[in-house]
$ cat run_30.txt   # compact mmCIF, C-alpha atoms (C1' of nucleotides)
# COMPACT_ATOMS: atom_id res chain seq x y z
CA MET A 1 -15.41 -41.23 -9.54
CA ALA A 2 -12.05 -41.25 -11.19
CA ALA A 3 -8.91 -43.10 -10.24
CA GLN A 4 -5.88 -41.51 -8.65
CA GLU A 5 -3.97 -42.10 -11.85
CA GLN A 6 -6.48 -39.98 -13.69
CA TYR A 7 -6.23 -37.18 -11.20
CA GLU A 8 -2.47 -37.15 -11.54
CA GLU A 9 -2.76 -36.94 -15.28
CA LEU A 10 -5.27 -34.14 -15.04
CA ALA A 11 -2.92 -32.18 -12.81
CA ARG A 12 -0.15 -32.73 -15.32
CA GLN A 13 -2.22 -31.48 -18.20
CA LEU A 14 -3.24 -28.48 -16.15
CA ASN A 15 0.44 -27.59 -15.97
CA THR A 16 1.46 -28.10 -19.54
CA VAL A 17 -1.60 -26.50 -21.03
CA ASN A 18 -0.06 -23.29 -19.83
CA ALA A 19 2.27 -23.45 -22.78
CA VAL A 20 -0.72 -22.97 -25.04
CA LYS A 21 -1.73 -19.93 -23.07
CA ARG A 22 1.76 -18.47 -23.37
CA ASP A 23 1.76 -19.10 -27.07
CA LEU A 24 -1.52 -17.29 -27.41
CA ALA A 25 -0.19 -14.44 -25.31
CA ARG A 26 2.62 -13.89 -27.76
CA ALA A 27 0.10 -13.07 -30.44
CA LEU A 28 -1.06 -10.08 -28.44
CA PRO A 29 0.26 -6.54 -28.92
CA ALA A 30 2.92 -5.38 -26.51
CA ASP A 31 0.70 -2.83 -24.79
CA CYS A 32 -1.93 -5.39 -24.03
CA PRO A 33 -0.77 -8.32 -21.94
CA PRO A 34 -3.13 -11.26 -21.56
CA ALA A 35 -4.44 -10.03 -18.22
CA ALA A 36 -5.52 -6.77 -19.82
CA ALA A 37 -7.20 -8.62 -22.63
CA ALA A 38 -9.05 -10.69 -20.07
CA VAL A 39 -10.39 -7.54 -18.44
CA LEU A 40 -11.71 -6.24 -21.73
CA LEU A 41 -13.30 -9.53 -22.64
CA ALA A 42 -14.96 -9.94 -19.28
CA LEU A 43 -16.48 -6.47 -19.50
CA ALA A 44 -17.64 -7.09 -23.05
CA ARG A 45 -19.34 -10.28 -21.99
CA GLY A 46 -20.65 -9.27 -18.62
CA GLY A 47 -21.41 -5.62 -19.23
CA GLU A 48 -20.97 -2.92 -16.64
CA MET A 49 -19.81 -4.27 -13.31
CA ARG A 50 -17.93 -3.50 -10.11
CA MET A 51 -14.32 -4.38 -9.33
CA SER A 52 -15.28 -7.16 -6.98
CA ARG A 53 -17.48 -8.81 -9.56
CA LEU A 54 -14.77 -8.55 -12.18
CA ALA A 55 -12.22 -10.06 -9.82
CA GLU A 56 -14.57 -12.94 -9.28
CA LEU A 57 -14.97 -13.51 -13.00
CA LEU A 58 -11.24 -13.38 -13.58
CA ALA A 59 -10.65 -15.64 -10.60
CA VAL A 60 -7.93 -13.47 -9.11
CA ASP A 61 -7.61 -11.25 -6.08
CA MET A 62 -9.12 -7.80 -6.28
CA SER A 63 -5.73 -6.19 -5.77
CA VAL A 64 -4.57 -7.87 -8.94
CA THR A 65 -7.68 -6.83 -10.77
CA SER A 66 -7.15 -3.27 -9.62
CA ARG A 67 -3.77 -3.11 -11.31
CA HIS A 68 -4.98 -4.60 -14.55
CA VAL A 69 -7.98 -2.33 -14.58
CA ALA A 70 -5.75 0.68 -14.04
CA HIS A 71 -3.67 -0.44 -16.98
CA VAL A 72 -6.57 -0.59 -19.40
CA ALA A 73 -8.18 2.55 -17.96
CA ASP A 74 -4.93 4.47 -18.55
CA ARG A 75 -5.21 3.56 -22.19
CA GLY A 76 -8.80 4.67 -22.44
CA TRP A 77 -10.17 1.23 -23.06
CA ILE A 78 -12.52 1.30 -20.10
CA GLU A 79 -14.21 3.92 -17.94
CA ARG A 80 -14.52 3.92 -14.17
CA LEU A 81 -17.83 5.51 -13.30
CA PRO A 82 -19.08 6.32 -9.83
CA ASP A 83 -21.58 3.86 -8.48
CA PRO A 84 -24.72 5.77 -7.51
CA ALA A 85 -25.61 3.05 -5.04
CA ASP A 86 -22.31 3.01 -3.18
CA LYS A 87 -19.73 5.74 -3.24
CA ARG A 88 -16.91 3.38 -2.35
CA SER A 89 -17.56 1.42 -5.49
CA ARG A 90 -16.80 2.08 -9.11
CA LEU A 91 -18.60 0.79 -12.13
CA LEU A 92 -16.42 -0.41 -14.95
CA ARG A 93 -17.52 -0.05 -18.52
CA LEU A 94 -15.89 -0.76 -21.84
CA THR A 95 -15.38 2.29 -24.02
CA ALA A 96 -15.71 2.34 -27.78
CA ALA A 97 -11.94 2.35 -28.03
CA GLY A 98 -11.82 -0.65 -25.73
CA ALA A 99 -14.36 -2.50 -27.80
CA GLY A 100 -12.30 -1.81 -30.87
CA LYS A 101 -9.16 -3.00 -29.19
CA LEU A 102 -10.90 -6.13 -28.04
CA ASP A 103 -12.03 -6.85 -31.57
CA GLU A 104 -8.46 -6.71 -32.69
CA LEU A 105 -7.29 -8.98 -29.91
CA SER A 106 -10.06 -11.47 -30.40
CA GLU A 107 -9.36 -11.62 -34.06
CA ARG A 108 -5.71 -12.34 -33.49
CA THR A 109 -6.35 -14.94 -30.87
CA ALA A 110 -9.00 -16.64 -32.92
CA GLU A 111 -6.69 -16.57 -35.90
CA ARG A 112 -3.97 -18.31 -33.97
CA LEU A 113 -6.37 -20.85 -32.57
CA ALA A 114 -7.82 -21.47 -35.99
CA GLU A 115 -4.32 -22.09 -37.30
CA GLN A 116 -3.56 -24.68 -34.70
CA LEU A 117 -7.00 -26.11 -34.13
CA GLY A 118 -8.23 -25.97 -37.68
CA ASP A 119 -8.79 -29.68 -37.81
CA TRP A 120 -10.81 -29.84 -34.61
CA SER A 121 -14.51 -30.28 -35.02
CA ASP A 122 -16.84 -27.65 -33.73
CA ALA A 123 -18.22 -30.22 -31.31
CA GLU A 124 -14.82 -31.02 -29.87
CA VAL A 125 -13.94 -27.40 -29.26
CA GLY A 126 -17.31 -26.97 -27.64
CA GLU A 127 -16.79 -29.99 -25.47
CA LEU A 128 -13.40 -28.74 -24.29
CA ILE A 129 -14.92 -25.39 -23.41
CA ARG A 130 -17.73 -27.08 -21.57
CA LEU A 131 -15.43 -29.26 -19.52
CA MET A 132 -13.03 -26.48 -18.66
CA THR A 133 -15.94 -24.32 -17.60
CA LYS A 134 -17.28 -27.13 -15.49
CA LEU A 135 -13.84 -27.65 -13.96
CA ARG A 136 -13.70 -24.04 -12.92
CA ALA A 137 -17.20 -24.21 -11.54
CA SER A 138 -16.38 -27.32 -9.55
CA PHE A 139 -13.64 -25.46 -7.79
CA GLY A 140 -15.94 -22.59 -7.03
CA ASP A 141 -14.32 -19.38 -6.01
CA CYS A 142 -10.91 -20.74 -5.25
CA ARG A 143 -9.17 -17.41 -4.77
CA THR A 144 -7.74 -16.17 -1.49
CA PRO A 145 -8.50 -19.39 0.29
CA ALA A 146 -7.76 -17.94 3.70
CA ARG A 147 -10.84 -15.80 3.69
CA ALA A 148 -12.90 -17.45 1.03
CA ARG A 149 -12.58 -20.96 2.38
CA PRO A 150 -12.05 -20.78 6.12
CA LEU A 151 -13.20 -24.34 6.44
CA THR A 152 -10.66 -26.64 4.88
CA PRO A 153 -12.33 -29.97 4.41
CA GLY A 154 -9.05 -31.70 3.61
CA PRO A 155 -7.01 -33.46 6.30
CA ARG A 156 -3.85 -31.53 5.45
CA GLU A 157 -1.33 -33.78 7.19
CA ALA A 158 0.97 -31.96 9.53
CA GLY A 159 0.68 -28.22 9.45
CA ARG A 160 3.17 -27.19 6.81
CA PRO A 161 3.27 -23.50 6.15
CA ARG A 162 2.31 -22.35 2.73
CA HIS A 163 4.65 -20.44 0.50
CA SER A 164 4.14 -16.98 1.82
CA ASP A 165 2.20 -17.83 4.87
CA PRO A 166 4.65 -18.41 7.67
CA GLU A 167 2.05 -18.91 10.29
CA PRO A 168 -0.93 -16.66 10.68
CA PRO A 169 -2.17 -16.93 14.23
CA THR A 170 -4.80 -14.43 13.33
CA LEU A 171 -7.65 -16.47 12.06
CA ASP A 172 -10.06 -14.03 10.67
CA PRO A 173 -12.97 -15.93 9.29
CA PRO A 174 -15.45 -13.16 9.90
CA SER A 175 -16.73 -12.51 6.44
CA PRO A 176 -17.75 -15.75 4.90
CA ALA A 177 -21.00 -14.55 3.40
CA GLY A 178 -19.50 -11.37 2.08
CA ASP A 179 -19.39 -11.35 -1.66
CA ARG A 180 -18.49 -14.69 -3.04
CA ALA A 181 -21.93 -15.99 -2.37
CA ALA A 182 -23.13 -14.06 -5.37
CA GLY A 183 -23.90 -15.32 -8.80
CA SER A 184 -22.30 -18.09 -10.77
CA PRO A 185 -19.32 -17.32 -12.98
CA ALA A 186 -19.85 -17.02 -16.72
CA MET B 1 -14.01 -25.69 -37.82
CA ALA B 2 -15.22 -23.65 -34.90
CA ALA B 3 -16.61 -20.14 -34.87
CA GLN B 4 -14.71 -17.10 -33.67
CA GLU B 5 -17.01 -16.88 -30.69
CA GLN B 6 -15.92 -20.33 -29.64
CA TYR B 7 -12.28 -19.47 -29.96
CA GLU B 8 -12.76 -16.43 -27.78
CA GLU B 9 -14.46 -18.51 -25.18
CA LEU B 10 -11.72 -21.10 -25.27
CA ALA B 11 -9.11 -18.42 -24.72
CA ARG B 12 -11.11 -17.14 -21.80
CA GLN B 13 -11.33 -20.54 -20.18
CA LEU B 14 -7.63 -21.02 -20.71
CA ASN B 15 -7.09 -17.98 -18.55
CA THR B 16 -9.44 -18.71 -15.71
CA VAL B 17 -8.57 -22.36 -15.43
CA ASN B 18 -5.35 -21.08 -13.98
CA ALA B 19 -7.20 -20.47 -10.76
CA VAL B 20 -7.68 -24.20 -10.45
CA LYS B 21 -4.00 -24.73 -10.93
CA ARG B 22 -3.22 -22.20 -8.22
CA ASP B 23 -5.65 -23.85 -5.88
CA LEU B 24 -3.98 -27.18 -6.45
CA ALA B 25 -0.60 -25.57 -5.88
CA ARG B 26 -1.66 -24.48 -2.44
CA ALA B 27 -2.08 -28.10 -1.44
CA LEU B 28 1.62 -28.70 -2.03
CA PRO B 29 4.28 -28.50 0.68
CA ALA B 30 6.28 -25.31 0.87
CA ASP B 31 9.53 -26.88 -0.28
CA CYS B 32 7.95 -28.25 -3.41
CA PRO B 33 6.39 -25.69 -5.69
CA PRO B 34 4.29 -26.96 -8.60
CA ALA B 35 7.15 -26.68 -11.04
CA ALA B 36 9.25 -29.01 -8.91
CA ALA B 37 6.38 -31.44 -8.66
CA ALA B 38 6.08 -31.39 -12.44
CA VAL B 39 9.75 -32.35 -12.76
CA LEU B 40 9.31 -35.31 -10.46
CA LEU B 41 6.17 -36.47 -12.20
CA ALA B 42 7.70 -36.20 -15.64
CA LEU B 43 10.70 -38.26 -14.59
CA ALA B 44 8.49 -40.83 -12.94
CA ARG B 45 6.45 -41.18 -16.08
CA GLY B 46 9.15 -40.85 -18.70
CA GLY B 47 12.06 -42.48 -16.89
CA GLU B 48 15.64 -41.37 -17.20
CA MET B 49 16.06 -38.51 -19.64
CA ARG B 50 18.15 -35.50 -20.58
CA MET B 51 17.44 -31.87 -19.75
CA SER B 52 16.35 -31.04 -23.24
CA ARG B 53 13.85 -33.85 -23.30
CA LEU B 54 12.47 -32.85 -19.93
CA ALA B 55 12.13 -29.25 -21.04
CA GLU B 56 10.16 -30.45 -24.02
CA LEU B 57 7.83 -32.50 -21.84
CA LEU B 58 7.29 -29.63 -19.46
CA ALA B 59 6.80 -27.24 -22.35
CA VAL B 60 9.13 -24.61 -20.99
CA ASP B 61 12.53 -23.27 -21.93
CA MET B 62 15.54 -25.30 -20.92
CA SER B 63 16.86 -22.46 -18.80
CA VAL B 64 13.72 -22.68 -16.72
CA THR B 65 13.99 -26.43 -16.50
CA SER B 66 17.56 -26.07 -15.36
CA ARG B 67 16.51 -24.04 -12.36
CA HIS B 68 13.73 -26.37 -11.38
CA VAL B 69 15.93 -29.38 -11.80
CA ALA B 70 18.57 -27.78 -9.59
CA HIS B 71 15.92 -27.22 -6.98
CA VAL B 72 14.86 -30.84 -6.79
CA ALA B 73 18.42 -32.11 -7.15
CA ASP B 74 19.46 -29.99 -4.16
CA ARG B 75 16.87 -31.81 -2.13
CA GLY B 76 18.04 -35.21 -3.26
CA TRP B 77 14.89 -36.04 -5.14
CA ILE B 78 16.67 -36.63 -8.42
CA GLU B 79 20.18 -37.52 -9.56
CA ARG B 80 22.11 -35.96 -12.39
CA LEU B 81 24.23 -38.67 -13.91
CA PRO B 82 26.83 -38.21 -16.62
CA ASP B 83 25.64 -39.23 -20.04
CA PRO B 84 28.08 -41.81 -21.40
CA ALA B 85 27.10 -40.89 -24.93
CA ASP B 86 27.67 -37.13 -24.59
CA LYS B 87 29.70 -35.50 -21.90
CA ARG B 88 27.87 -32.20 -22.23
CA SER B 89 24.67 -33.88 -21.32
CA ARG B 90 23.31 -35.11 -18.03
CA LEU B 91 20.86 -37.88 -17.44
CA LEU B 92 18.20 -37.15 -14.90
CA ARG B 93 16.81 -39.87 -12.74
CA LEU B 94 14.35 -39.95 -9.90
CA THR B 95 15.81 -41.17 -6.60
CA ALA B 96 13.98 -43.28 -4.06
CA ALA B 97 13.49 -40.18 -1.97
CA GLY B 98 12.08 -38.40 -4.98
CA ALA B 99 9.69 -41.21 -5.69
CA GLY B 100 8.52 -41.06 -2.11
CA LYS B 101 8.06 -37.33 -2.29
CA LEU B 102 6.13 -37.67 -5.49
CA ASP B 103 3.82 -40.20 -3.90
CA GLU B 104 3.04 -37.72 -1.20
CA LEU B 105 2.40 -34.94 -3.68
CA SER B 106 0.26 -37.05 -5.94
CA GLU B 107 -1.79 -38.18 -3.03
CA ARG B 108 -2.45 -34.65 -1.90
CA THR B 109 -3.30 -33.42 -5.37
CA ALA B 110 -5.55 -36.34 -6.09
CA GLU B 111 -7.21 -35.80 -2.75
CA ARG B 112 -7.99 -32.20 -3.56
CA LEU B 113 -9.23 -33.09 -7.00
CA ALA B 114 -11.36 -35.86 -5.60
CA GLU B 115 -12.87 -33.39 -3.16
CA GLN B 116 -13.83 -30.95 -5.85
CA LEU B 117 -14.48 -33.34 -8.71
CA GLY B 118 -16.07 -36.11 -6.73
CA ASP B 119 -19.28 -35.88 -8.69
CA TRP B 120 -17.62 -36.06 -12.08
CA SER B 121 -17.89 -39.33 -13.90
CA ASP B 122 -14.80 -41.25 -14.75
CA ALA B 123 -15.63 -40.74 -18.40
CA GLU B 124 -15.85 -36.98 -18.08
CA VAL B 125 -12.52 -36.68 -16.33
CA GLY B 126 -11.04 -38.87 -19.01
CA GLU B 127 -12.55 -36.77 -21.74
CA LEU B 128 -11.16 -33.57 -20.24
CA ILE B 129 -7.72 -35.12 -20.05
CA ARG B 130 -7.99 -36.31 -23.61
CA LEU B 131 -9.02 -32.91 -24.94
CA MET B 132 -6.38 -31.02 -22.99
CA THR B 133 -3.75 -33.44 -24.21
CA LYS B 134 -4.96 -32.99 -27.75
CA LEU B 135 -4.91 -29.23 -27.33
CA ARG B 136 -1.29 -29.32 -26.27
CA ALA B 137 -0.45 -31.63 -29.14
CA SER B 138 -2.15 -29.35 -31.62
CA PHE B 139 0.11 -26.54 -30.59
CA GLY B 140 3.16 -28.71 -30.98
CA ASP B 141 6.32 -27.48 -29.39
CA CYS B 142 5.20 -23.92 -28.83
CA ARG B 143 8.11 -22.84 -26.66
CA THR B 144 10.66 -20.18 -27.61
CA PRO B 145 8.91 -19.14 -30.77
CA ALA B 146 11.15 -16.12 -31.14
CA ARG B 147 13.64 -18.18 -33.03
CA ALA B 148 11.22 -20.61 -34.52
CA ARG B 149 8.71 -17.97 -35.56
CA PRO B 150 10.20 -14.58 -36.37
CA LEU B 151 6.83 -12.86 -36.53
CA THR B 152 6.76 -10.60 -33.51
CA PRO B 153 3.65 -9.34 -31.74
CA GLY B 154 4.73 -5.73 -31.89
CA PRO B 155 2.58 -2.69 -31.13
CA ARG B 156 1.00 -2.18 -34.51
CA GLU B 157 -1.30 0.49 -33.19
CA ALA B 158 -2.59 1.91 -36.40
CA GLY B 159 -5.15 -0.14 -38.18
CA ARG B 160 -2.78 -2.29 -40.06
CA PRO B 161 -4.19 -5.35 -41.65
CA ARG B 162 -2.88 -8.41 -39.93
CA HIS B 163 -2.73 -10.49 -42.99
CA SER B 164 0.49 -8.99 -44.20
CA ASP B 165 3.09 -11.10 -42.48
CA PRO B 166 1.89 -14.13 -40.62
CA GLU B 167 2.32 -17.03 -42.90
CA PRO B 168 5.54 -17.94 -44.57
CA PRO B 169 8.34 -18.85 -42.17
CA THR B 170 6.20 -20.68 -39.67
CA LEU B 171 6.97 -24.19 -40.74
CA ASP B 172 8.11 -25.95 -37.63
CA PRO B 173 6.98 -29.52 -37.47
CA PRO B 174 7.52 -30.88 -33.99
CA SER B 175 10.04 -33.50 -34.93
CA PRO B 176 10.52 -35.67 -31.88
CA ALA B 177 14.11 -36.43 -32.77
CA GLY B 178 15.79 -33.12 -33.48
CA ASP B 179 15.12 -30.14 -31.28
CA ARG B 180 14.16 -27.49 -33.75
CA ALA B 181 17.60 -26.12 -34.26
CA ALA B 182 17.01 -23.56 -36.97
CA GLY B 183 18.62 -20.60 -35.33
CA SER B 184 18.93 -16.98 -36.23
CA PRO B 185 22.09 -15.80 -34.49
CA ALA B 186 22.25 -12.43 -32.87
C1' DT C 1 31.19 -23.80 -35.57
C1' DA C 2 27.23 -26.01 -33.24
C1' DT C 3 25.01 -27.83 -29.21
C1' DT C 4 24.03 -28.95 -24.06
C1' DG C 5 23.33 -27.00 -20.11
C1' DT C 6 24.01 -23.04 -16.54
C1' DT C 7 23.60 -18.44 -14.81
C1' DA C 8 22.27 -13.39 -14.76
C1' DT C 9 18.68 -10.29 -15.72
C1' DA C 10 14.12 -8.63 -16.63
C1' DC C 11 9.17 -9.01 -17.05
C1' DT C 12 4.42 -10.78 -15.95
C1' DC C 13 1.24 -12.47 -12.85
C1' DT C 14 -0.13 -13.27 -8.28
C1' DA C 15 -1.21 -12.73 -3.16
C1' DT C 16 -0.64 -10.34 1.43
C1' DA C 17 -0.76 -6.40 4.06
C1' DA C 18 -1.36 -1.64 5.01
C1' DC C 19 -4.02 2.21 3.81
C1' DT C 20 -8.26 5.46 2.30
C1' DA C 21 -12.84 6.45 1.94
C1' DT C 22 -17.03 5.18 2.44
C1' DA C 23 -20.88 2.31 4.83
C1' DT D 1 -16.67 -2.19 12.91
C1' DA D 2 -17.00 -3.77 8.14
C1' DT D 3 -16.51 -3.27 3.17
C1' DA D 4 -14.72 -1.44 -1.79
C1' DG D 5 -10.91 -0.33 -3.77
C1' DT D 6 -5.80 1.21 -4.12
C1' DT D 7 -0.95 0.73 -3.56
C1' DA D 8 3.55 -1.31 -1.91
C1' DT D 9 6.03 -5.31 -1.44
C1' DA D 10 7.39 -10.05 -2.07
C1' DG D 11 7.18 -14.55 -4.36
C1' DA D 12 6.77 -17.85 -8.28
C1' DG D 13 7.26 -18.70 -13.20
C1' DT D 14 9.00 -17.65 -17.49
C1' DA D 15 12.05 -16.06 -21.51
C1' DT D 16 16.34 -13.86 -23.36
C1' DA D 17 21.06 -13.43 -23.57
C1' DA D 18 25.67 -14.35 -22.34
C1' DC D 19 28.56 -17.98 -20.89
C1' DA D 20 31.10 -22.73 -20.17
C1' DA D 21 32.19 -27.20 -21.67
C1' DT D 22 31.95 -30.51 -25.16
C1' DA D 23 30.98 -32.21 -29.97

$ encode --input "run_30.txt" --output "structure tokens"
Amino acid sequence: MAAQEQYEELARQLNTVNAVKRDLARALPADCPPAAAAVLLALARGGEMRMSRLAELLAVDMSVTSRHVAHVADRGWIERLPDPADKRSRLLRLTAAGAGKLDELSERTAERLAEQLGDWSDAEVGELIRLMTKLRASFGDCRTPARARPLTPGPREAGRPRHSDPEPPTLDPPSPAGDRAAGSPA
Amino acid sequence: MAAQEQYEELARQLNTVNAVKRDLARALPADCPPAAAAVLLALARGGEMRMSRLAELLAVDMSVTSRHVAHVADRGWIERLPDPADKRSRLLRLTAAGAGKLDELSERTAERLAEQLGDWSDAEVGELIRLMTKLRASFGDCRTPARARPLTPGPREAGRPRHSDPEPPTLDPPSPAGDRAAGSPA
DNA sequence: TATTGTTATACTCTATAACTATA
DNA sequence: TATAGTTATAGAGTATAACAATA
């Protein structure tokens, strides 16, 4: 169990590490923003999957995923095939062009990382990956907390409204076992 | 030196760890978005400082910092004092109200982290902090690279080798004293 | 002329809500 | 009625450029 001071510091690092992400993003081509690259990478790693599964992997709302997927589909980097098991659903698959694009992106990103992290040991990079993965796992599926986490274990002080949540009197907890009970990320 | 596969994975984790940050952000009060909290924390840790120094600590452009600072100043959480040494500059200082606010924020954040990371060992949390800090340090001052690093992402659709340009002008040691001032005017 | 900080503008990413088409 | 996905809208965060005041 860590001290409060440690937690504060962790939160701080979580903020500033974003600068690294932005730096990496600048190495990407203009027609492929980081979110698009993430879609390609997830499909390359996880193989054919549905929107909902992809959204889970990317840790964002499905509406967001839908836009990013449309972006990469427009460019022919992925296909959206009908799901034989469910006509509402679509199966996403990387195309050859998408795989090629991803190679290019990965190479650039790795190049940049190698430039800056050249003096890190293999073990240290691995350890950072491991801990970040574990961090994500510890938070579970922390998207759309209204529906995904209807039970807020935290005390929460007085009821302050969230940013864009003036005051939803409509508690709709009716789908807790829906989809996020599925497999583990990564 | 790590393998390309590792670098890819690191980039991926850098993306998804954002979900954790967003989750933490939701624990904050509505009048204090994460960026405002970061300003308060930085001033609490680093003491009185100028805008430019704060921007460096937060790893964002000064224009961004200016907005966030205005936000917290409007709420009386910080003061902007004249700098006796340079009348263009302003010294930022946390007020008592700001310190109080920060306490509240830190408590909430730490609470959430403790909830989710309760089973982590002190050593593991410390190691994650250490590695994230090192990651940031390895990237140096990676803000506003447009002026510091003229190599632009650009489309580059056709299979151009990417070893043609990235190399020469990149020298930009993060000197703590002078804010990289090498400018290419419009 | 150079630098500190501010403001205006634009772009990316995100979530919420309303909608469709299936189930 | 519930679920998979899409689209419209709004909010936060960021960078660029033009600007003001001072050095």

$ atom_distance --input "run_30.txt" --atom1 "atom CA of Arg112 of chain B" --atom2 "atom CA of His68 of chain B"
23.8 Å

$ closest_atom_pairs --input "run_30.txt" --of "chain A" --to "chain C" --cutoff "10 Å" --atoms "all atoms listed in the file" --output "JSON lines"
{"residue": "A:Pro33", "atom": "CA", "partner": "C:DT12", "partner_atom": "C1'", "distance": 8.3}
{"residue": "A:Pro34", "atom": "CA", "partner": "C:DT12", "partner_atom": "C1'", "distance": 9.4}
{"residue": "A:Ala35", "atom": "CA", "partner": "C:DC13", "partner_atom": "C1'", "distance": 8.2}
{"residue": "A:Val60", "atom": "CA", "partner": "C:DT14", "partner_atom": "C1'", "distance": 7.8}
{"residue": "A:Asp61", "atom": "CA", "partner": "C:DA15", "partner_atom": "C1'", "distance": 7.2}
{"residue": "A:Met62", "atom": "CA", "partner": "C:DA15", "partner_atom": "C1'", "distance": 9.8}
{"residue": "A:Ser63", "atom": "CA", "partner": "C:DA15", "partner_atom": "C1'", "distance": 8.4}
{"residue": "A:Val64", "atom": "CA", "partner": "C:DT14", "partner_atom": "C1'", "distance": 7.0}
{"residue": "A:Asp86", "atom": "CA", "partner": "C:DT22", "partner_atom": "C1'", "distance": 8.0}
{"residue": "A:Lys87", "atom": "CA", "partner": "C:DT22", "partner_atom": "C1'", "distance": 6.3}
{"residue": "A:Arg88", "atom": "CA", "partner": "C:DT22", "partner_atom": "C1'", "distance": 5.1}
{"residue": "A:Ser89", "atom": "CA", "partner": "C:DT22", "partner_atom": "C1'", "distance": 8.8}
{"residue": "A:Arg143", "atom": "CA", "partner": "C:DA15", "partner_atom": "C1'", "distance": 9.4}
{"residue": "A:Thr144", "atom": "CA", "partner": "C:DA15", "partner_atom": "C1'", "distance": 7.6}
{"residue": "A:Ser164", "atom": "CA", "partner": "C:DT16", "partner_atom": "C1'", "distance": 8.2}
{"residue": "A:Asp165", "atom": "CA", "partner": "C:DT16", "partner_atom": "C1'", "distance": 8.7}

$ write_last_selection --input "run_30.txt" --atoms "C-alpha atoms" --output "PDB file, in the frame of the given file"
ATOM      1  CA  PRO A  33      -0.770  -8.320 -21.940  1.00  0.00           C
ATOM      2  CA  PRO A  34      -3.130 -11.260 -21.560  1.00  0.00           C
ATOM      3  CA  ALA A  35      -4.440 -10.030 -18.220  1.00  0.00           C
ATOM      4  CA  VAL A  60      -7.930 -13.470  -9.110  1.00  0.00           C
ATOM      5  CA  ASP A  61      -7.610 -11.250  -6.080  1.00  0.00           C
ATOM      6  CA  MET A  62      -9.120  -7.800  -6.280  1.00  0.00           C
ATOM      7  CA  SER A  63      -5.730  -6.190  -5.770  1.00  0.00           C
ATOM      8  CA  VAL A  64      -4.570  -7.870  -8.940  1.00  0.00           C
ATOM      9  CA  ASP A  86     -22.310   3.010  -3.180  1.00  0.00           C
ATOM     10  CA  LYS A  87     -19.730   5.740  -3.240  1.00  0.00           C
ATOM     11  CA  ARG A  88     -16.910   3.380  -2.350  1.00  0.00           C
ATOM     12  CA  SER A  89     -17.560   1.420  -5.490  1.00  0.00           C
ATOM     13  CA  ARG A 143      -9.170 -17.410  -4.770  1.00  0.00           C
ATOM     14  CA  THR A 144      -7.740 -16.170  -1.490  1.00  0.00           C
ATOM     15  CA  SER A 164       4.140 -16.980   1.820  1.00  0.00           C
ATOM     16  CA  ASP A 165       2.200 -17.830   4.870  1.00  0.00           C
TER      17      ASP A 165
END

$ closest_residue --input "run_30.txt" --among "A:Ile129, A:Leu102, A:Val39, A:Ala59" --to "Lys21 of chain B" --atoms "all atoms listed in the file"
A:Ala59

$ residues_near_point --input "run_30.txt" --point "(12.9, -34.1, -23.0)" --cutoff "12 Å" --atoms "all atoms listed in the file" --output "number ranges by chain"
B: 39, 42-43, 45-62, 65, 89-92, 141, 176-179

$ atom_distance --input "run_30.txt" --atom1 "atom C1' of DA12 of chain D" --atom2 "atom CA of His71 of chain B"
13.2 Å

$ axis_aligned_box --input "run_30.txt" --around "segment 2-11 of chain D" --padding-each-side "3 Å" --output "lines of an AutoDock Vina configuration file"
center_x = -4.8
center_y = -6.7
center_z = 1.9
size_x = 30.4
size_y = 21.8
size_z = 18.5

$ interface_residues --input "run_30.txt" --of "chain D" --to "chain A" --cutoff "10 Å" --atoms "all atoms listed in the file" --output "PDB file with C-alpha atoms (C1' of nucleotides), keeping the file's coordinate frame"
ATOM      1  C1'  DA D   2     -17.000  -3.770   8.140  1.00  0.00           C
ATOM      2  C1'  DT D   3     -16.510  -3.270   3.170  1.00  0.00           C
ATOM      3  C1'  DA D   4     -14.720  -1.440  -1.790  1.00  0.00           C
ATOM      4  C1'  DG D   5     -10.910  -0.330  -3.770  1.00  0.00           C
ATOM      5  C1'  DT D   6      -5.800   1.210  -4.120  1.00  0.00           C
ATOM      6  C1'  DT D   7      -0.950   0.730  -3.560  1.00  0.00           C
ATOM      7  C1'  DA D  10       7.390 -10.050  -2.070  1.00  0.00           C
ATOM      8  C1'  DG D  11       7.180 -14.550  -4.360  1.00  0.00           C
ATOM      9  C1'  DA D  12       6.770 -17.850  -8.280  1.00  0.00           C
ATOM     10  C1'  DT D  14       9.000 -17.650 -17.490  1.00  0.00           C
TER      11       DT D  14
END

$ atom_distance --input "run_30.txt" --atom1 "atom C1' of DG13 of chain D" --atom2 "atom CA of Thr16 of chain B"
16.9 Å

$ closest_residue --input "run_30.txt" --among "B:Gly140, B:Leu105, B:Thr95, B:Asp122" --to "chain A" --atoms "all atoms listed in the file"
B:Asp122

$ closest_residue --input "run_30.txt" --among "A:Ala36, A:Ala123, A:Ala97, A:Leu81" --to "chain B" --atoms "all atoms listed in the file"
A:Ala123

$ closest_residue --input "run_30.txt" --among "A:Glu127, A:Val72, A:Tyr7, A:Gly98" --to "chain B" --atoms "all atoms listed in the file"
A:Tyr7
